[in-house]
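Novice: What follows is final15.tsv, made up of TSV, C-alpha atoms:
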chain	number	residue	atom	x	y	z
E	26	MET	CA	-0.28	7.98	-1.47
E	27	GLN	CA	2.14	5.38	-0.20
E	28	LEU	CA	5.64	5.91	1.10
E	29	ARG	CA	8.55	4.81	-1.04
E	30	THR	CA	12.21	4.63	-0.08
E	31	GLU	CA	15.39	4.24	-2.11
E	32	VAL	CA	18.74	3.37	-0.53
E	33	SER	CA	22.09	4.37	-2.03
E	34	SER	CA	25.65	5.19	-0.88
E	35	LEU	CA	27.59	8.44	-1.04
E	36	ASN	CA	31.05	9.16	0.44
E	37	GLY	CA	30.71	6.47	3.11
E	38	TRP	CA	27.16	7.48	4.07
E	39	THR	CA	24.02	5.41	3.51
E	40	VAL	CA	21.43	7.64	1.87
E	41	VAL	CA	17.73	6.86	2.32
E	42	SER	CA	15.61	8.92	-0.06
E	43	VAL	CA	12.00	9.16	1.08
E	44	TYR	CA	9.09	9.83	-1.29
E	45	GLY	CA	5.40	10.31	-0.56
E	46	GLU	CA	3.58	10.96	2.70
E	47	LEU	CA	5.05	10.20	6.11
E	48	ASP	CA	2.26	9.97	8.69
E	49	VAL	CA	0.91	7.44	11.18
E	50	ALA	CA	-0.02	5.16	8.27
E	51	SER	CA	3.51	4.95	6.88
E	52	ALA	CA	5.83	5.86	9.79
E	53	PRO	CA	6.01	2.26	11.15
E	54	GLU	CA	7.27	1.09	7.76
E	55	LEU	CA	10.02	3.73	7.65
E	56	ARG	CA	10.94	3.08	11.30
E	57	GLU	CA	11.42	-0.63	10.56
E	58	ARG	CA	13.41	0.09	7.40
E	59	LEU	CA	15.80	2.41	9.27
E	60	ILE	CA	16.21	-0.02	12.20
E	61	GLU	CA	17.03	-2.75	9.68
E	62	LEU	CA	19.70	-0.55	8.09
E	63	VAL	CA	21.33	0.44	11.40
E	64	THR	CA	21.24	-3.15	12.64
E	65	GLY	CA	22.85	-4.17	9.37
E	66	GLY	CA	25.81	-1.86	10.02
E	67	ALA	CA	24.75	1.42	8.37
E	68	HIS	CA	25.57	3.78	11.24
E	69	LEU	CA	26.12	6.89	9.10
E	70	LEU	CA	22.71	7.68	7.68
E	71	ILE	CA	21.34	10.51	5.60
E	72	LEU	CA	17.60	10.90	5.15
E	73	ASP	CA	16.87	12.76	1.93
E	74	LEU	CA	13.45	14.39	2.46
E	75	GLU	CA	13.35	16.31	-0.83
E	76	GLY	CA	10.72	13.92	-2.26
E	77	LEU	CA	8.52	14.04	0.82
E	78	ASP	CA	5.03	15.48	0.27
E	79	PHE	CA	3.84	15.39	3.88
E	80	LEU	CA	5.34	14.92	7.35
E	81	ASP	CA	3.59	14.77	10.73
E	82	SER	CA	4.65	14.20	14.35
E	83	THR	CA	4.53	10.42	13.97
E	84	GLY	CA	6.99	10.71	11.11
E	85	LEU	CA	9.20	12.89	13.30
E	86	GLY	CA	9.06	10.14	15.91
E	87	ALA	CA	10.34	7.58	13.41
E	88	ILE	CA	13.23	9.92	12.52
E	89	ILE	CA	14.07	10.49	16.22
E	90	SER	CA	14.08	6.71	16.71
E	91	ALA	CA	16.59	6.25	13.88
E	92	LEU	CA	18.81	9.08	15.16
E	93	LYS	CA	18.99	7.47	18.61
E	94	ARG	CA	19.92	4.09	17.16
E	95	ALA	CA	22.56	5.56	14.88
E	96	ARG	CA	24.16	7.56	17.72
E	97	THR	CA	24.00	4.57	20.09
E	98	ASN	CA	26.15	2.76	17.54
E	99	GLY	CA	28.64	5.61	17.32
E	100	GLY	CA	27.15	6.99	14.12
E	101	ASP	CA	24.91	9.87	13.11
E	102	LEU	CA	21.81	10.73	11.12
E	103	ARG	CA	21.61	13.83	8.96
E	104	LEU	CA	18.70	15.28	7.04
E	105	VAL	CA	18.59	16.86	3.61
E	106	CYS	CA	15.63	19.20	3.39
E	107	THR	CA	15.01	22.44	1.51
E	108	GLN	CA	11.21	22.35	1.29
E	109	SER	CA	9.87	25.15	3.47
E	110	ARG	CA	6.72	23.29	4.57
E	111	ILE	CA	8.79	20.31	5.79
E	112	ARG	CA	11.53	22.49	7.37
E	113	ARG	CA	8.80	24.45	9.16
E	114	LEU	CA	7.82	21.36	11.18
E	115	PHE	CA	11.40	20.91	12.42
E	116	GLU	CA	11.58	24.61	13.28
E	117	ILE	CA	8.23	24.71	15.15
E	118	THR	CA	9.20	21.70	17.25
E	119	ALA	CA	12.77	23.05	17.67
E	120	LEU	CA	14.00	19.68	16.43
E	121	ASP	CA	16.17	21.50	13.91
E	122	LYS	CA	18.49	21.89	16.95
E	123	ALA	CA	18.76	18.10	17.27
E	124	PHE	CA	18.88	17.40	13.52
E	125	PRO	CA	21.07	19.64	11.40
E	126	LEU	CA	19.20	20.26	8.12
E	127	PHE	CA	21.43	20.30	5.06
E	128	PRO	CA	20.60	21.86	1.69
E	129	SER	CA	22.04	19.01	-0.40
E	130	LEU	CA	23.47	15.51	-0.22
E	131	ASP	CA	26.96	16.84	-0.93
E	132	ALA	CA	26.72	19.33	1.94
E	133	ALA	CA	25.48	16.61	4.30
E	134	THR	CA	28.45	14.34	3.59
E	135	GLN	CA	31.13	17.02	3.57
E	136	GLU	CA	30.64	18.76	6.92
V	5	MET	CA	-21.55	29.16	5.99
V	6	ALA	CA	-20.73	25.98	4.10
V	7	VAL	CA	-20.37	22.65	5.89
V	8	VAL	CA	-18.55	19.58	4.59
V	9	ALA	CA	-18.63	16.46	6.76
V	10	LEU	CA	-17.34	12.96	6.44
V	11	GLU	CA	-17.09	9.82	8.53
V	12	ILE	CA	-14.00	7.68	8.28
V	13	PRO	CA	-13.14	4.29	9.73
V	14	ALA	CA	-10.67	4.69	12.63
V	15	ARG	CA	-7.70	3.53	10.58
V	16	PRO	CA	-4.50	5.34	9.52
V	17	ALA	CA	-5.04	4.50	5.85
V	18	TYR	CA	-7.85	7.09	5.73
V	19	LEU	CA	-5.71	10.06	6.85
V	20	SER	CA	-4.68	10.79	3.29
V	21	LEU	CA	-8.34	11.01	2.27
V	22	VAL	CA	-9.07	13.47	5.09
V	23	ARG	CA	-6.26	15.75	3.88
V	24	LEU	CA	-7.60	15.57	0.32
V	25	ILE	CA	-11.12	16.53	1.45
V	26	VAL	CA	-9.89	19.44	3.61
V	27	ASP	CA	-7.70	20.60	0.73
V	28	ALA	CA	-10.58	20.45	-1.77
V	29	ALA	CA	-13.12	22.04	0.60
V	30	VAL	CA	-10.85	24.98	1.42
V	31	GLY	CA	-9.72	25.32	-2.19
V	32	SER	CA	-13.25	25.64	-3.51
V	33	LEU	CA	-15.10	27.28	-0.59
V	34	ALA	CA	-12.43	29.41	1.18
V	35	PRO	CA	-9.76	30.05	-1.45
V	36	GLY	CA	-8.43	33.12	0.39
V	37	LEU	CA	-6.87	31.02	3.13
V	38	GLY	CA	-3.54	30.68	1.36
V	39	GLY	CA	-1.18	27.79	0.73
V	40	ALA	CA	0.96	27.86	3.88
V	41	ARG	CA	-2.05	28.27	6.19
V	42	LEU	CA	-3.80	25.42	4.41
V	43	ASP	CA	-0.71	23.22	4.89
V	44	ASP	CA	-0.73	24.10	8.60
V	45	LEU	CA	-4.42	23.26	8.90
V	46	LYS	CA	-4.01	19.91	7.13
V	47	LEU	CA	-1.15	19.02	9.48
V	48	ALA	CA	-3.20	20.02	12.56
V	49	VAL	CA	-6.16	17.98	11.30
V	50	THR	CA	-3.88	14.98	10.71
V	51	GLU	CA	-2.59	15.24	14.28
V	52	ALA	CA	-6.15	15.39	15.65
V	53	CYS	CA	-7.25	12.43	13.53
V	54	SER	CA	-4.16	10.41	14.54
V	55	ASN	CA	-5.03	10.97	18.21
V	56	ALA	CA	-8.65	10.01	17.52
V	57	ILE	CA	-7.59	6.81	15.74
V	58	GLU	CA	-5.35	5.91	18.66
V	59	ALA	CA	-8.20	6.60	21.11
V	60	HIS	CA	-10.43	4.18	19.20
V	61	GLN	CA	-7.98	1.29	19.19
V	62	SER	CA	-8.73	-0.11	22.64
V	63	ALA	CA	-12.48	-0.64	22.45
V	64	TRP	CA	-14.07	1.43	19.71
V	65	ALA	CA	-12.21	0.24	16.62
V	66	ASP	CA	-15.43	-0.22	14.63
V	67	GLU	CA	-16.80	3.23	15.48
V	68	PRO	CA	-16.21	5.94	12.85
V	69	ILE	CA	-14.42	9.24	13.39
V	70	VAL	CA	-16.35	12.31	12.23
V	71	VAL	CA	-14.54	15.16	10.49
V	72	ARG	CA	-16.63	18.30	9.93
V	73	CYS	CA	-15.39	21.43	8.12
V	74	GLU	CA	-17.18	24.78	8.55
V	75	LEU	CA	-16.13	27.43	6.08
V	76	ASP	CA	-17.19	31.04	5.67
V	77	ASP	CA	-15.64	34.30	4.55
V	78	ARG	CA	-13.85	34.78	7.91
V	79	HIS	CA	-12.60	31.41	9.04
V	80	VAL	CA	-12.28	27.68	8.53
V	81	THR	CA	-13.01	25.37	11.46
V	82	VAL	CA	-12.42	21.64	11.33
V	83	GLU	CA	-13.91	19.48	14.05
V	84	VAL	CA	-12.60	15.98	14.69
V	85	ALA	CA	-14.92	13.94	16.91
V	86	ASP	CA	-13.96	10.58	18.39
V	87	ARG	CA	-15.76	8.15	20.64
V	88	GLY	CA	-12.68	7.16	22.61
V	89	GLY	CA	-12.27	7.23	26.35
V	90	GLY	CA	-11.33	10.90	26.52
V	91	PHE	CA	-8.30	12.58	28.05
V	92	ASP	CA	-7.21	15.78	29.76
V	93	PRO	CA	-5.10	17.90	27.38
V	94	GLY	CA	-3.80	19.79	30.41
V	95	GLU	CA	-2.09	16.64	31.62
V	96	VAL	CA	0.02	16.20	28.51
V	97	SER	CA	3.61	16.38	29.73
V	98	THR	CA	6.01	19.05	28.54
V	99	LEU	CA	8.88	17.77	26.43
V	100	PRO	CA	12.53	18.58	27.28
V	101	ALA	CA	14.22	21.25	25.15
V	102	ALA	CA	15.46	20.02	21.76
V	103	THR	CA	19.05	20.69	22.82
V	104	ASP	CA	18.64	18.44	25.90
V	105	PRO	CA	19.95	14.93	25.20
V	106	MET	CA	16.92	13.62	27.12
V	107	ARG	CA	14.67	15.00	24.37
V	108	LEU	CA	15.52	12.08	22.14
V	109	ARG	CA	13.90	9.71	24.62
V	110	TYR	CA	10.53	11.05	23.51
V	111	GLU	CA	9.27	9.89	20.13
V	112	SER	CA	5.71	11.13	20.65
V	113	GLY	CA	3.85	13.91	22.46
V	114	LEU	CA	4.19	16.58	19.78
V	115	GLY	CA	0.65	16.34	18.39
V	116	ILE	CA	-1.21	18.66	20.76
V	117	PRO	CA	1.51	21.37	20.91
V	118	LEU	CA	1.60	21.29	17.11
V	119	MET	CA	-2.17	21.72	16.79
V	120	ARG	CA	-1.99	24.75	19.11
V	121	THR	CA	0.91	26.28	17.20
V	122	LEU	CA	-0.46	25.66	13.72
V	123	THR	CA	-3.98	27.01	14.25
V	124	ASP	CA	-5.41	30.27	15.54
V	125	GLU	CA	-7.59	28.38	17.99
V	126	THR	CA	-7.53	24.79	19.25
V	127	ILE	CA	-10.30	23.75	21.62
V	128	PHE	CA	-10.81	20.33	23.20
V	129	VAL	CA	-14.42	19.58	24.06
V	130	PRO	CA	-14.73	16.49	26.25
V	131	GLY	CA	-18.08	14.72	26.10
V	132	SER	CA	-19.71	11.72	27.71
V	133	ASP	CA	-19.00	9.58	24.67
V	134	GLY	CA	-15.71	10.97	23.35
V	135	THR	CA	-13.68	14.08	22.61
V	136	THR	CA	-14.16	16.73	19.92
V	137	VAL	CA	-11.23	18.85	18.82
V	138	ARG	CA	-12.10	22.17	17.13
V	139	LEU	CA	-9.32	23.61	14.99
V	140	THR	CA	-9.87	27.13	13.62
V	141	VAL	CA	-7.82	29.27	11.28
V	142	TYR	CA	-8.84	32.77	10.21
V	143	ARG	CA	-8.56	33.82	6.62
V	144	ALA	CA	-5.66	36.15	5.95
V	145	ASP	CA	-7.79	39.06	4.76
V	146	THR	CA	-9.83	39.09	7.99
V	147	THR	CA	-7.05	39.18	10.60
Produce C-alpha cells that represent the structure in this file.

Specialist:
Amino acid sequence: MQLRTEVSSLNGWTVVSVYGELDVASAPELRERLIELVTGGAHLLILDLEGLDFLDSTGLGAIISALKRARTNGGDLRLVCTQSRIRRLFEITALDKAFPLFPSLDAATQE
Amino acid sequence: MAVVALEIPARPAYLSLVRLIVDAAVGSLAPGLGGARLDDLKLAVTEACSNAIEAHQSAWADEPIVVRCELDDRHVTVEVADRGGGFDPGEVSTLPAATDPMRLRYESGLGIPLMRTLTDETIFVPGSDGTTVRLTVYRADTT
C-alpha cells in the first residue's frame, strides 16, 4: 500500500493528512514533502495521522525531521492521532513528550 | 509446529508483503495471539527487516533476506536473517530523553529498542555470513 498525502489549511495552520503505510519504503517521500512545505513558508504544520494504517521508527524519524525544521523557522508541528496502535508507538518511545498528540484538528489549532 | 518461510529481495518495497504474510500466518495458524500483540509483532518484524535491508545496501544488495515464522500453541517466533556485515547490538547508543532538546538531533536508532519492547524475547545471533534476529511473542493464553 502506498502513502498518500493531502494538504489543506485550517485557522492559519497547514494540515498534511497522511494515508496508508509509513515505513522505510515511504518515509523518504513524506520527509521530502514536509521539507518542501516548510521551505515554502508553512512553518505551522499539523500532521493528521487518522488515516495512517502503519507507522515504524523510520516514519517517526521523518516526523522528527519536520518538527526540527518547523521549530528552526519559529514554527511548530502538531499531530492529530486517536488510533491506539499509532499512539502506542509515540508512548513506547516517549516521543509523545516531544510531540503533543491532539484528538482532533480543531483541538490542534485551538490550543 | 508450523513453519512459514519466505525470501524477499533486500528492498523496502517488500516490507508490506512481509507484514501481510506474518498477519496471514498468525491469523490462520496462531489465532489466539490477539490483535494488539500481532500489531506489535508486525512492527518488530518491520524494524528487523529494515535493519537487514540497510545492512545489505553496501555490498549484498542482490542477496535475499530470509523471513521464517515458527508458530505453535505457545508462541510465535519470527526470524529475520541477513547476509550483511554484522553489528554489535550492545554498541547501539542510548538516545537522550524525549524531553531533552538534544533528542531531536536523532532521527534514527529506535529500531532495536522497539524490537525489545514489543516482543517477549529479542535475540541477535551473529554468524560468519550475517545476522539473524529472533523475535518471539507468547500467546496470551500461555503466559

Novice: Pull out every residue of chain E sitting within 7 Å of chain V, counting all atoms listed in the file, and send them as a PyMOL selection string.

Specialist: chain E and resi 49-50+81-83+86+89-90+93+119-120+122-123

Novice: Might you pull out every residue within 9 Å of Pro53 (chain E), with only C-alpha atoms counted and same-chain residues fewer than 5 positions away left off, and present them as a PyMOL selection string?

Specialist: chain E and resi 48+58+83-84+87

Novice: What would the file look like if the residues just selected were written as a compact mmCIF listing (two decimals), in the frame of the given file with C-alpha atoms?

Specialist:
# COMPACT_ATOMS: atom_id res chain seq x y z
CA ASP E 48 2.26 9.97 8.69
CA ARG E 58 13.41 0.09 7.40
CA THR E 83 4.53 10.42 13.97
CA GLY E 84 6.99 10.71 11.11
CA ALA E 87 10.34 7.58 13.41

Novice: Which residues are close to Leu45 (chain V), i.e. within 9 Å by all atoms listed in the file, leaving aside same-chain residues fewer than 5 positions away? Reply as a PDB file with C-alpha atoms, in the coordinates of the input.

Specialist:
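Wrote selection13.pdb, looks like this:
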ATOM      1  CA  VAL V  26      -9.890  19.440   3.610  1.00  0.00           C
ATOM      2  CA  ALA V  40       0.960  27.860   3.880  1.00  0.00           C
ATOM      3  CA  THR V  50      -3.880  14.980  10.710  1.00  0.00           C
ATOM      4  CA  VAL V  82     -12.420  21.640  11.330  1.00  0.00           C
ATOM      5  CA  MET V 119      -2.170  21.720  16.790  1.00  0.00           C
ATOM      6  CA  LEU V 122      -0.460  25.660  13.720  1.00  0.00           C
ATOM      7  CA  THR V 123      -3.980  27.010  14.250  1.00  0.00           C
ATOM      8  CA  LEU V 139      -9.320  23.610  14.990  1.00  0.00           C
ATOM      9  CA  THR V 140      -9.870  27.130  13.620  1.00  0.00           C
ATOM     10  CA  VAL V 141      -7.820  29.270  11.280  1.00  0.00           C
TER      11      VAL V 141
END

Novice: Measure the distance from CA of Ser33 (chain E) to CA of Arg113 (chain E) in Å and round it to one decimal.

Specialist: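 Taking CA of Ser33 (chain E) and CA of Arg113 (chain E), their separation equals 26.6 Å.
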
Novice: Suppose you want the space between CA of Thr64 (chain E) and CA of Thr107 (chain E); what is it in Å?

Specialist: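 About the pair CA of Thr64 (chain E) and CA of Thr107 (chain E): they are 28.6 Å apart.
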
Novice: Just need the box for region 70-80 of chain V, edges along x, y and z, holding every atom the file lists for it with 8 Å tacked onto each side, so centre and edge lengths in Å to one decimal, as JSON.

Specialist:
{"center_x": -14.7, "center_y": 23.5, "center_z": 8.4, "size_x": 20.9, "size_y": 38.5, "size_z": 23.7}
